[in-house]
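Asks: Quick one: this structure, given as structure tokens, is what I'll be asking you about.
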Amino acid sequence: MTSEGASVLASKLSAFPRLGLASLPTPLEPMSRLTAHLGGPRLWVKREDATGLGFGGNKLRKLDYVLYDAVSSKADVLVSGGVVQSNSQRQVGAAAAKLGIECHLAVYHGRLAPPTPEYACSGNALLNRLFGAHLHDVPWTGNRNLAIEELGSRLREKGRRPYFVPYGVSSPLGAVAYASTIVEIAEQSRALGVRPAAIVHCTGSAGTQAGLVVGGSVAMPETRIVGIDIDAEPERVRSDVIACARAAADLIGTHFDENDVEVVAGHAGPAYGVPHAATIEAIKLAGALEALPVDPVYSGKGLAGLIALVRERRWPPDTDVIFIHTGGAPALFAYHSVLGI
């Protein structure tokens, strides 16, 4: 990790304008009590849940860049989607409300059975309505973006100017945007005297990990980027990360080694969106030890994976490891009755 690398990456990213929707930089904080509980290594948390608008989250950092293009193109409606408790579509809805642009969301049903009675009306589902989004129920087919694209086509046929925001805001530009996280981590780590051995995060729709890998290759080449699969589809996730990272690297004029794409399987539980015992343990530990709300779909499973790797002694106790909290706290309310709290 060098200051020169961070400066080079920041310079590359400066060619891509952003709207200023997200409150950046997000904090990098020690998790001292969780570290002590687990017996090391020294754990830190990058608070991507603290990006601000609409309860924040990692997608808002991507939207900051992606929606600059939407505004520039004079779009009059944003089109995106996700499952009922999607953090991504909640952040798209929040950004649309802030920008004064109409928002239509394809809400997928059938990817998972509703795990609780409150699932359909609480958490992110409630916030989508609060932010004024127009919700369109569609069946889950396995194709993440087809229904969103079809929704956009119908609006275009009606004379609208829709802007397509992909599932998870996972696109080459979204990955470029997320590489900005590495600039912040590099600068914050240097200020704190930290040389992180790894950056651990949950990974699913690929854009976040793609941005971290591409950014890390420029500014933090000695730090391993470790994605914890939360989709129970590790091979698909890794393939999507490689494809997205390759396109993002082309956009900023750099390269990356696909051997740097590590997706750890075995911590997703029985299926996407279904918390298991390790997820619930991680949620409770983060809350009781660090006052850190993590959700049962993304950040909770990512933290469960990190905890498992620590218990397996992947890193010596005298090293530093950073966990990226991607947000998602509103989903806790939609999973209340399965958390045993």
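For the structure tokens, the naming scheme is as follows: chains receive sequential letters (A, B, ...) according to their order of presentation, residues are indexed from 1 within each chain, and ligands are indexed from 1 in presentation order.
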Show me, as an NGL selection string, the residues that have an atom within 6 Å of range 123-130 of chain A when counting only C-alpha atoms, minus same-chain residues fewer than 4 positions from it.
Replies: :A and (85 or 90 or 330-331 or 333-334)
Asks: Find the residues near Ala232 in chain A: any atom within 9 Å, counting only C-alpha atoms, skip ones fewer than 4 places away on the same chain, and give them as a PDB file with N, CA and C atoms, in the first residue's frame.
Replies:
ATOM      1  N   GLY A 204     -22.386 -10.724  -4.137  1.00  0.00           N
ATOM      2  CA  GLY A 204     -23.534 -11.372  -4.754  1.00  0.00           C
ATOM      3  C   GLY A 204     -23.714 -10.968  -6.203  1.00  0.00           C
ATOM      4  N   VAL A 237     -21.039 -16.211  -8.998  1.00  0.00           N
ATOM      5  CA  VAL A 237     -20.578 -14.932  -8.467  1.00  0.00           C
ATOM      6  C   VAL A 237     -19.170 -14.625  -8.968  1.00  0.00           C
ATOM      7  N   ALA A 265     -17.017 -19.777  -0.415  1.00  0.00           N
ATOM      8  CA  ALA A 265     -18.320 -20.437  -0.343  1.00  0.00           C
ATOM      9  C   ALA A 265     -18.562 -20.998   1.055  1.00  0.00           C
ATOM     10  N   GLY A 266     -19.809 -21.372   1.291  1.00  0.00           N
ATOM     11  CA  GLY A 266     -20.143 -22.093   2.508  1.00  0.00           C
ATOM     12  C   GLY A 266     -20.732 -21.275   3.632  1.00  0.00           C
ATOM     13  N   HIS A 267     -20.986 -19.984   3.387  1.00  0.00           N
ATOM     14  CA  HIS A 267     -21.495 -19.121   4.458  1.00  0.00           C
ATOM     15  C   HIS A 267     -22.820 -18.454   4.084  1.00  0.00           C
ATOM     16  N   ALA A 268     -23.438 -18.934   3.002  1.00  0.00           N
ATOM     17  CA  ALA A 268     -24.693 -18.336   2.532  1.00  0.00           C
ATOM     18  C   ALA A 268     -25.914 -18.971   3.166  1.00  0.00           C
ATOM     19  N   GLY A 269     -25.709 -20.024   3.956  1.00  0.00           N
ATOM     20  CA  GLY A 269     -26.863 -20.726   4.496  1.00  0.00           C
ATOM     21  C   GLY A 269     -27.540 -21.555   3.422  1.00  0.00           C
ATOM     22  N   PRO A 270     -28.782 -21.925   3.628  1.00  0.00           N
ATOM     23  CA  PRO A 270     -29.470 -22.803   2.676  1.00  0.00           C
ATOM     24  C   PRO A 270     -29.768 -22.156   1.331  1.00  0.00           C
ATOM     25  N   ALA A 271     -29.894 -20.835   1.304  1.00  0.00           N
ATOM     26  CA  ALA A 271     -30.233 -20.142   0.058  1.00  0.00           C
ATOM     27  C   ALA A 271     -30.121 -18.642   0.270  1.00  0.00           C
ATOM     28  N   TYR A 272     -30.147 -17.913  -0.828  1.00  0.00           N
ATOM     29  CA  TYR A 272     -30.169 -16.456  -0.760  1.00  0.00           C
ATOM     30  C   TYR A 272     -31.352 -15.981   0.089  1.00  0.00           C
TER      31      TYR A 272
END
Asks: Between range 5-44 of chain A and range 318-326 of chain A, at 8 Å or less, what are the per-residue closest atom pairs and their distances in Å? Count only C-alpha atoms, order by chain and rising residue number, and return it as CSV.
Replies:
residue,atom,partner,partner_atom,distance
A:Gly40,CA,A:Asp318,CA,7.0
A:Pro41,CA,A:Thr319,CA,5.3
A:Arg42,CA,A:Asp320,CA,4.7
A:Leu43,CA,A:Val321,CA,5.1
A:Trp44,CA,A:Ile322,CA,4.6
Asks: For Ile307 in chain A, list every protein, DNA or RNA residue within 10 Å, evaluated using only C-alpha atoms, and leave out those in the same chain fewer than 2 positions away; present the list as a list in words.
Replies: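 Once the adjacent positions are removed, what remains is Leu34, Thr35, Leu38, Ala278, Thr279, Glu281, Ala282, Lys301, Gly302, Leu303, Ala304, Gly305, Leu309, Val310, Arg311, Glu312 and Arg313 of chain A.
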Asks: Take the residues from that selection and put them in a file with N, CA and C atoms, as a PDB file, in the first residue's frame.
Replies:
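Everything below was put into again.pdb:
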ATOM      1  N   LEU A  34     -15.174  -6.997  19.371  1.00  0.00           N
ATOM      2  CA  LEU A  34     -15.304  -8.216  18.574  1.00  0.00           C
ATOM      3  C   LEU A  34     -13.938  -8.866  18.389  1.00  0.00           C
ATOM      4  N   THR A  35     -12.912  -8.049  18.188  1.00  0.00           N
ATOM      5  CA  THR A  35     -11.544  -8.567  18.091  1.00  0.00           C
ATOM      6  C   THR A  35     -11.173  -9.347  19.343  1.00  0.00           C
ATOM      7  N   LEU A  38     -12.978 -12.705  19.656  1.00  0.00           N
ATOM      8  CA  LEU A  38     -12.516 -13.742  18.737  1.00  0.00           C
ATOM      9  C   LEU A  38     -11.032 -14.066  18.920  1.00  0.00           C
ATOM     10  N   ALA A 278     -25.310 -19.310  11.819  1.00  0.00           N
ATOM     11  CA  ALA A 278     -24.088 -18.499  11.843  1.00  0.00           C
ATOM     12  C   ALA A 278     -24.385 -17.037  11.538  1.00  0.00           C
ATOM     13  N   THR A 279     -25.338 -16.796  10.629  1.00  0.00           N
ATOM     14  CA  THR A 279     -25.740 -15.423  10.327  1.00  0.00           C
ATOM     15  C   THR A 279     -26.344 -14.761  11.558  1.00  0.00           C
ATOM     16  N   GLU A 281     -25.928 -15.582  14.681  1.00  0.00           N
ATOM     17  CA  GLU A 281     -24.881 -15.366  15.676  1.00  0.00           C
ATOM     18  C   GLU A 281     -24.091 -14.100  15.367  1.00  0.00           C
ATOM     19  N   ALA A 282     -23.735 -13.902  14.076  1.00  0.00           N
ATOM     20  CA  ALA A 282     -22.972 -12.719  13.683  1.00  0.00           C
ATOM     21  C   ALA A 282     -23.758 -11.439  13.945  1.00  0.00           C
ATOM     22  N   LYS A 301     -24.384 -12.127   6.678  1.00  0.00           N
ATOM     23  CA  LYS A 301     -23.729 -13.323   6.145  1.00  0.00           C
ATOM     24  C   LYS A 301     -22.254 -13.060   5.861  1.00  0.00           C
ATOM     25  N   GLY A 302     -21.950 -11.839   5.391  1.00  0.00           N
ATOM     26  CA  GLY A 302     -20.551 -11.497   5.174  1.00  0.00           C
ATOM     27  C   GLY A 302     -19.759 -11.528   6.469  1.00  0.00           C
ATOM     28  N   LEU A 303     -20.358 -10.998   7.535  1.00  0.00           N
ATOM     29  CA  LEU A 303     -19.682 -11.012   8.831  1.00  0.00           C
ATOM     30  C   LEU A 303     -19.571 -12.435   9.361  1.00  0.00           C
ATOM     31  N   ALA A 304     -20.581 -13.253   9.135  1.00  0.00           N
ATOM     32  CA  ALA A 304     -20.498 -14.658   9.546  1.00  0.00           C
ATOM     33  C   ALA A 304     -19.330 -15.349   8.863  1.00  0.00           C
ATOM     34  N   GLY A 305     -19.123 -15.049   7.583  1.00  0.00           N
ATOM     35  CA  GLY A 305     -17.987 -15.616   6.868  1.00  0.00           C
ATOM     36  C   GLY A 305     -16.664 -15.150   7.436  1.00  0.00           C
ATOM     37  N   LEU A 309     -13.667 -17.423   9.159  1.00  0.00           N
ATOM     38  CA  LEU A 309     -12.271 -17.401   8.713  1.00  0.00           C
ATOM     39  C   LEU A 309     -11.328 -17.058   9.862  1.00  0.00           C
ATOM     40  N   VAL A 310     -11.770 -16.167  10.755  1.00  0.00           N
ATOM     41  CA  VAL A 310     -10.955 -15.845  11.931  1.00  0.00           C
ATOM     42  C   VAL A 310     -10.812 -17.077  12.822  1.00  0.00           C
ATOM     43  N   ARG A 311     -11.905 -17.777  13.030  1.00  0.00           N
ATOM     44  CA  ARG A 311     -11.858 -18.982  13.875  1.00  0.00           C
ATOM     45  C   ARG A 311     -11.023 -20.097  13.251  1.00  0.00           C
ATOM     46  N   GLU A 312     -10.914 -20.066  11.928  1.00  0.00           N
ATOM     47  CA  GLU A 312     -10.054 -21.036  11.229  1.00  0.00           C
ATOM     48  C   GLU A 312      -8.589 -20.597  11.233  1.00  0.00           C
ATOM     49  N   ARG A 313      -8.307 -19.433  11.834  1.00  0.00           N
ATOM     50  CA  ARG A 313      -6.955 -18.888  11.950  1.00  0.00           C
ATOM     51  C   ARG A 313      -6.337 -18.592  10.577  1.00  0.00           C
TER      52      ARG A 313
END
Asks: For a quick check of understanding, using only C-alpha atoms, which of A:Glu48, A:Glu4, A:Glu233, A:Asp69 has the smallest distance to Leu19 in chain A?
Replies: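 That would be A:Asp69, the residue with the smallest distance to Leu19 in chain A.
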Asks: DSSP on the backbone: what in range 168-262 of chain A comes out strand (DSSP E), as JSON, numbers by chain?
Replies: {"A": [196, 197, 198, 199, 200, 201, 202, 203, 224, 225, 226, 227, 228, 229, 262]}
Asks: If you keep C-alpha atoms, can you produce a file of those selected residues as a compact mmCIF listing (two decimals), in the first residue's frame?
Replies:
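Result saved to selection_25.txt:
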# COMPACT_ATOMS: atom_id res chain seq x y z
CA PRO A 196 -4.56 -4.48 6.22
CA ALA A 197 -3.89 -8.07 5.24
CA ALA A 198 -7.38 -8.40 3.80
CA ILE A 199 -10.61 -6.59 3.01
CA VAL A 200 -13.60 -8.89 3.59
CA HIS A 201 -17.11 -8.22 2.32
CA CYS A 202 -20.29 -9.94 1.20
CA THR A 203 -20.57 -10.55 -2.54
CA ARG A 224 -6.27 -9.54 -0.34
CA ILE A 225 -9.87 -8.85 -1.37
CA VAL A 226 -12.05 -11.64 0.06
CA GLY A 227 -15.67 -11.94 -1.04
CA ILE A 228 -18.08 -14.00 1.05
CA ASP A 229 -20.71 -15.53 -1.25
CA GLU A 262 -11.54 -14.84 -4.31
Asks: Do you know which residues are at most 9 Å from Ala70 in chain A counting only C-alpha atoms, after dropping those on the same chain fewer than 5 positions away, and could you put them as a PyMOL selection string?
Replies: chain A and resi 75-78+162-164
Asks: Counting only C-alpha atoms, which residue out of A:Tyr178, A:Phe131, A:Phe16, A:Tyr167 sits closest to Ser80 in chain A?
Replies: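 Nearest candidate to Ser80 in chain A out of A:Tyr178, A:Phe131, A:Phe16, A:Tyr167: A:Tyr167.
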Asks: Write out as a PyMOL selection string each polymer residue whose atoms come within 12 Å of Gly287 in chain A, counting only C-alpha atoms; drop sequence neighbours fewer than 3 positions from it.
Replies: chain A and resi 31+33-34+280-284+290-295+300+303+329+332+341
Asks: Quick one: write out the picked residues with C-alpha atoms as a PDB file, in the first residue's frame?
Replies:
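Output file part-v6.pdb follows:
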ATOM      1  CA  MET A  31     -14.038  -3.330  16.218  1.00  0.00           C
ATOM      2  CA  ARG A  33     -14.613  -5.777  21.398  1.00  0.00           C
ATOM      3  CA  LEU A  34     -15.304  -8.216  18.574  1.00  0.00           C
ATOM      4  CA  ILE A 280     -27.899 -14.897  13.406  1.00  0.00           C
ATOM      5  CA  GLU A 281     -24.881 -15.366  15.676  1.00  0.00           C
ATOM      6  CA  ALA A 282     -22.972 -12.719  13.683  1.00  0.00           C
ATOM      7  CA  ILE A 283     -25.907 -10.296  13.874  1.00  0.00           C
ATOM      8  CA  LYS A 284     -26.118 -10.719  17.646  1.00  0.00           C
ATOM      9  CA  GLU A 290     -20.098  -3.126  18.628  1.00  0.00           C
ATOM     10  CA  ALA A 291     -23.621  -1.599  18.483  1.00  0.00           C
ATOM     11  CA  LEU A 292     -23.402  -2.379  14.789  1.00  0.00           C
ATOM     12  CA  PRO A 293     -26.670  -3.439  13.095  1.00  0.00           C
ATOM     13  CA  VAL A 294     -25.986  -5.870  10.239  1.00  0.00           C
ATOM     14  CA  ASP A 295     -28.695  -7.432   8.114  1.00  0.00           C
ATOM     15  CA  GLY A 300     -24.758 -10.431   8.374  1.00  0.00           C
ATOM     16  CA  LEU A 303     -19.682 -11.012   8.831  1.00  0.00           C
ATOM     17  CA  ALA A 329     -30.109  -2.462   8.527  1.00  0.00           C
ATOM     18  CA  LEU A 332     -33.638  -6.415  10.212  1.00  0.00           C
ATOM     19  CA  ILE A 341     -34.444 -11.488  19.761  1.00  0.00           C
TER      20      ILE A 341
END
Asks: Between A:Ala248, A:Leu67, A:Ala120, A:Ala50, which is the closest to Val83 in chain A once you count only C-alpha atoms?
Replies: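 Of A:Ala248, A:Leu67, A:Ala120, A:Ala50, the one nearest Val83 in chain A is A:Ala120, counting only C-alpha atoms.
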